[in-house]
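Dumped upload-v3.cif below, it's mmCIF, C-alpha atoms:
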```cif
data_my_file
loop_
_atom_site.label_atom_id
_atom_site.label_comp_id
_atom_site.auth_asym_id
_atom_site.auth_seq_id
_atom_site.Cartn_x
_atom_site.Cartn_y
_atom_site.Cartn_z
CA MET A 12 116.10 122.77 151.86
CA ILE A 13 116.23 119.46 149.99
CA VAL A 14 116.65 116.04 151.59
CA GLU A 15 117.16 112.84 149.60
CA THR A 16 116.11 109.41 150.80
CA PHE A 17 116.81 106.10 149.10
CA SER A 18 114.41 103.73 150.88
CA ALA A 19 111.04 103.73 152.62
CA ASP A 20 112.92 103.30 155.92
CA GLU A 21 114.93 106.48 155.28
CA THR A 22 111.75 108.39 154.39
CA TYR A 23 110.13 107.13 157.60
CA GLU A 24 113.18 108.11 159.65
CA TYR A 25 113.27 111.60 158.19
CA GLY A 26 109.58 111.98 159.06
CA ARG A 27 110.33 110.72 162.58
CA LYS A 28 113.10 113.30 162.98
CA MET A 29 110.77 116.11 161.90
CA GLY A 30 108.02 114.90 164.25
CA ALA A 31 110.47 114.81 167.16
CA GLU A 32 111.36 118.47 166.46
CA ALA A 33 107.74 119.67 166.05
CA GLN A 34 106.30 122.23 168.47
CA PRO A 35 102.70 122.93 169.55
CA GLY A 36 100.93 125.00 166.91
CA ASP A 37 103.17 123.86 164.03
CA VAL A 38 101.43 123.21 160.71
CA TYR A 39 103.06 120.97 158.10
CA CYS A 40 101.60 120.81 154.60
CA LEU A 41 102.48 117.67 152.68
CA THR A 42 102.12 117.37 148.92
CA GLY A 43 103.17 114.85 146.31
CA ASP A 44 101.69 112.51 143.76
CA LEU A 45 99.77 109.40 144.74
CA GLY A 46 102.12 106.62 145.82
CA VAL A 47 105.08 108.89 146.49
CA GLY A 48 105.41 108.01 150.19
CA LYS A 49 103.29 110.58 152.03
CA THR A 50 101.85 107.91 154.33
CA VAL A 51 105.28 106.46 155.15
CA PHE A 52 106.57 109.95 155.94
CA THR A 53 103.48 110.64 158.09
CA GLN A 54 103.87 107.39 160.02
CA GLY A 55 107.43 108.37 160.85
CA PHE A 56 106.31 111.88 161.80
CA ALA A 57 103.72 110.44 164.19
CA ALA A 58 106.33 108.13 165.72
CA GLY A 59 108.53 111.16 166.37
CA LEU A 60 105.65 112.72 168.31
CA GLY A 61 105.30 109.56 170.39
CA VAL A 62 102.08 108.32 168.78
CA ARG A 63 101.83 104.60 169.62
CA GLU A 64 98.76 103.59 167.62
CA PRO A 65 98.78 102.72 163.89
CA VAL A 66 98.58 105.75 161.58
CA SER A 67 96.84 105.53 158.22
CA SER A 68 95.51 108.03 155.73
CA PRO A 69 92.25 109.66 156.90
CA THR A 70 90.95 109.79 153.33
CA PHE A 71 87.29 109.30 154.19
CA THR A 72 87.17 111.23 157.47
CA ILE A 73 89.29 114.30 156.55
CA VAL A 74 91.03 114.31 159.95
CA GLN A 75 92.34 111.70 162.35
CA GLU A 76 93.28 112.71 165.88
CA TYR A 77 96.11 110.96 167.75
CA GLU A 78 97.48 111.47 171.23
CA GLY A 79 101.25 111.75 171.16
CA GLU A 80 103.58 111.77 174.15
CA LYS A 81 104.49 115.40 173.44
CA MET A 82 101.17 116.78 172.17
CA PRO A 83 98.12 115.90 170.08
CA PHE A 84 98.69 115.09 166.41
CA TYR A 85 96.06 116.02 163.81
CA HIS A 86 96.45 114.29 160.46
CA PHE A 87 94.37 115.76 157.65
CA ASP A 88 93.78 114.45 154.14
CA VAL A 89 91.83 117.06 152.19
CA TYR A 90 92.01 115.31 148.81
CA ARG A 91 88.23 114.81 148.65
CA ILE A 92 86.95 118.16 149.89
CA GLY A 93 84.96 120.31 147.50
CA ASP A 94 86.24 123.67 148.73
CA ALA A 95 87.97 125.30 151.69
CA GLU A 96 84.62 126.22 153.29
CA GLU A 97 84.11 122.54 154.15
CA MET A 98 87.10 122.83 156.48
CA GLU A 99 85.25 125.38 158.62
CA GLU A 100 82.55 122.78 159.27
CA ILE A 101 85.04 120.45 160.97
CA GLY A 102 86.56 123.20 163.12
CA PHE A 103 89.77 123.56 161.11
CA GLU A 104 90.88 126.74 162.89
CA ASP A 105 90.58 125.05 166.29
CA TYR A 106 93.05 122.42 165.13
CA VAL A 107 95.46 124.76 163.34
CA TYR A 108 95.59 127.37 166.10
CA GLY A 109 95.43 124.85 168.95
CA GLN A 110 98.11 123.20 171.08
CA GLY A 111 98.73 120.20 168.85
CA VAL A 112 100.61 119.77 165.59
CA CYS A 113 98.87 119.47 162.21
CA LEU A 114 100.03 117.60 159.14
CA ILE A 115 97.85 118.26 156.11
CA GLU A 116 98.02 116.12 152.98
CA TRP A 117 96.96 117.78 149.70
CA ALA A 118 97.12 121.17 151.42
CA ASN A 119 97.37 122.91 148.06
CA LEU A 120 93.58 122.45 147.84
CA ILE A 121 93.03 124.73 150.86
CA ARG A 122 95.94 127.17 150.36
CA GLU A 123 93.77 130.23 151.04
CA ILE A 124 92.99 129.21 154.64
CA LEU A 125 96.46 128.06 155.71
CA PRO A 126 98.46 130.08 158.22
CA GLU A 127 101.28 132.03 156.59
CA ASP A 128 104.06 130.28 158.50
CA PHE A 129 103.24 126.67 157.58
CA MET A 130 106.07 124.33 156.63
CA GLY A 131 105.61 123.06 153.09
CA ILE A 132 106.87 119.55 152.34
CA LEU A 133 106.95 118.25 148.78
CA ILE A 134 107.85 114.60 148.18
CA GLU A 135 108.85 113.60 144.66
CA LYS A 136 110.13 110.48 142.91
CA ASP A 137 112.93 110.38 140.37
CA MET A 138 113.04 106.96 138.72
CA GLU A 139 116.45 107.72 137.22
CA LYS A 140 117.84 107.65 140.77
CA GLY A 141 116.05 104.42 141.72
CA PHE A 142 112.61 103.08 142.54
CA ASP A 143 112.83 104.00 146.24
CA TYR A 144 114.50 107.39 145.77
CA ARG A 145 112.60 110.39 147.15
CA ARG A 146 113.45 114.10 147.00
CA ILE A 147 111.87 115.91 149.95
CA THR A 148 111.76 119.68 149.56
CA LEU A 149 111.04 121.83 152.63
CA GLU A 150 110.08 125.47 152.45
CA ARG A 151 108.39 127.64 155.06
CA GLY A 152 105.22 129.05 153.51
CA GLY A 153 105.80 127.33 150.18
CA VAL A 154 106.13 124.27 147.89
CA LEU A 155 102.41 123.61 147.50
#
```
Go ahead and express the file in the form of structure tokens.
Amino acid sequence: MIVETFSADETYEYGRKMGAEAQPGDVYCLTGDLGVGKTVFTQGFAAGLGVREPVSSPTFTIVQEYEGEKMPFYHFDVYRIGDAEEMEEIGFEDYVYGQGVCLIEWANLIREILPEDFMGILIEKDMEKGFDYRRITLERGGVL
């Protein structure tokens, strides 16, 4: 499935819609180049879960935990990990197979430890369609 957005607000709103539809145990894997809007999408996603506190990229901590109205939200950024074994040290499986929802940025770096049924989300720019245009591709178990 492909969704097109034409502003940061639309990208945020699409993330919010997906967060509102998320269920306990869901794993979303978010990929895209630097500056493509992953954080904006994630902030919307968190809002859809009822997270009230500010959401930012957990670049230096690997995971940020938030309490949403519906369930816990675990936001991972694995850009700086050396290998998938580092994820075991932070209890990755407890998060992924727990009662919250996980959103993992740069998940392609840990593909081998992801559950098979994750939802892949790829965000891309296309400058020919405008500076704020984003193509968001969704595929269960893919687009990493």
Note to self: Expand the PyMOL selection byres ((chain A and resi 39) around 10) into the explicit residue set it covers here, and present it as a ChimeraX atom specification.
What the structure shows: /A:29-30,33,36-38,40-42,86,107,112-116,118,125,128-132,149,151-152
Margin query: With the PyMOL selection byres ((chain A and resi 92) around 12) as the selection, what would be picked from this file? Answer as a PyMOL selection string, please.
Written below: chain A and resi 70-74+87-91+93-101+116-121
Item checked: Residue nearest Asp20 of chain A among A:Phe84, A:Gly55, A:Phe142, A:Gly79 (counting all atoms listed in the file) ->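 The answer is A:Gly55, which sits nearest to Asp20 of chain A.
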Next item on the list: Report as a ChimeraX atom specification the residues that result from applying the PyMOL selection byres ((chain A and resi 78) around 12) to the structure here.
Entry: /A:57-58,60-66,75-77,79-86,110-112
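Near Gly141 of chain A, within a cut-off of 10 Å and counting only C-alpha atoms, sit the residues Phe17, Ser18 and Lys136 of chain A, with same-chain residues fewer than 5 positions away left out.
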Once you have the residues from the selection above, write them out as a PDB file, in the coordinates of the input, restricted to C-alpha atoms.
```
ATOM      1  CA  PHE A  17     116.810 106.100 149.100  1.00  0.00           C
ATOM      2  CA  SER A  18     114.410 103.730 150.880  1.00  0.00           C
ATOM      3  CA  LYS A 136     110.130 110.480 142.910  1.00  0.00           C
TER       4      LYS A 136
END
```
Note to self: Neighbouring residues of Asp137 of chain A were defined as those with any atom within 12 Å, considering only C-alpha atoms; residues of the same chain fewer than 3 positions away were excluded. Please report them as a PyMOL selection string.
What the structure shows: chain A and resi 15-17+44+47+134+140-147
Kindly list the centre and edge lengths in Å, rounded to one decimal, for the axis-aligned box that covers all listed atoms of segment 56-69 of chain A plus 6 Å on each of its six sides, as JSON.
```
{"center_x": 100.4, "center_y": 107.7, "center_z": 163.1, "size_x": 28.3, "size_y": 22.0, "size_z": 26.7}
```
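With distances taken over all atoms listed in the file, A:Ala19 is the one residue among A:Ala19, A:Ala31, A:Ile124, A:Met138 lying closest to Lys49 of chain A.
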Next item on the list: Find, counting all atoms listed in the file, the residue in A:Leu45, A:Glu21, A:Glu104, A:Ile13 that gets nearest to Thr148 of chain A.
Entry: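 Residue with the minimum atom-to-atom distance to Thr148 of chain A: A:Ile13.
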Next item on the list: Report the distance between atom CA of Ser67 of chain A and atom CA of Val51 of chain A in Å, rounded to one decimal place.
Entry: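 Between these atoms lies a distance of 9.0 Å.
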Next item on the list: Return the single residue from A:Phe103, A:Tyr23, A:Arg122, A:Val14 that is closest to Thr53 of chain A, with distances computed using only C-alpha atoms.
Entry: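 Nearest to Thr53 of chain A: A:Tyr23.
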Next item on the list: Rounded to one decimal place, report the atom CA of Arg27 of chain A-atom CA of Glu139 of chain A distance in Å.
Entry: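 So the two atoms, atom CA of Arg27 of chain A and atom CA of Glu139 of chain A, lie 26.3 Å apart.
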Item checked: Distance of atom CA of Thr22 of chain A from atom CA of Pro126 of chain A, expressed in Å to one decimal place ->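 Straight-line distance from atom CA of Pro126 of chain A to atom CA of Thr22 of chain A works out to 25.7 Å.
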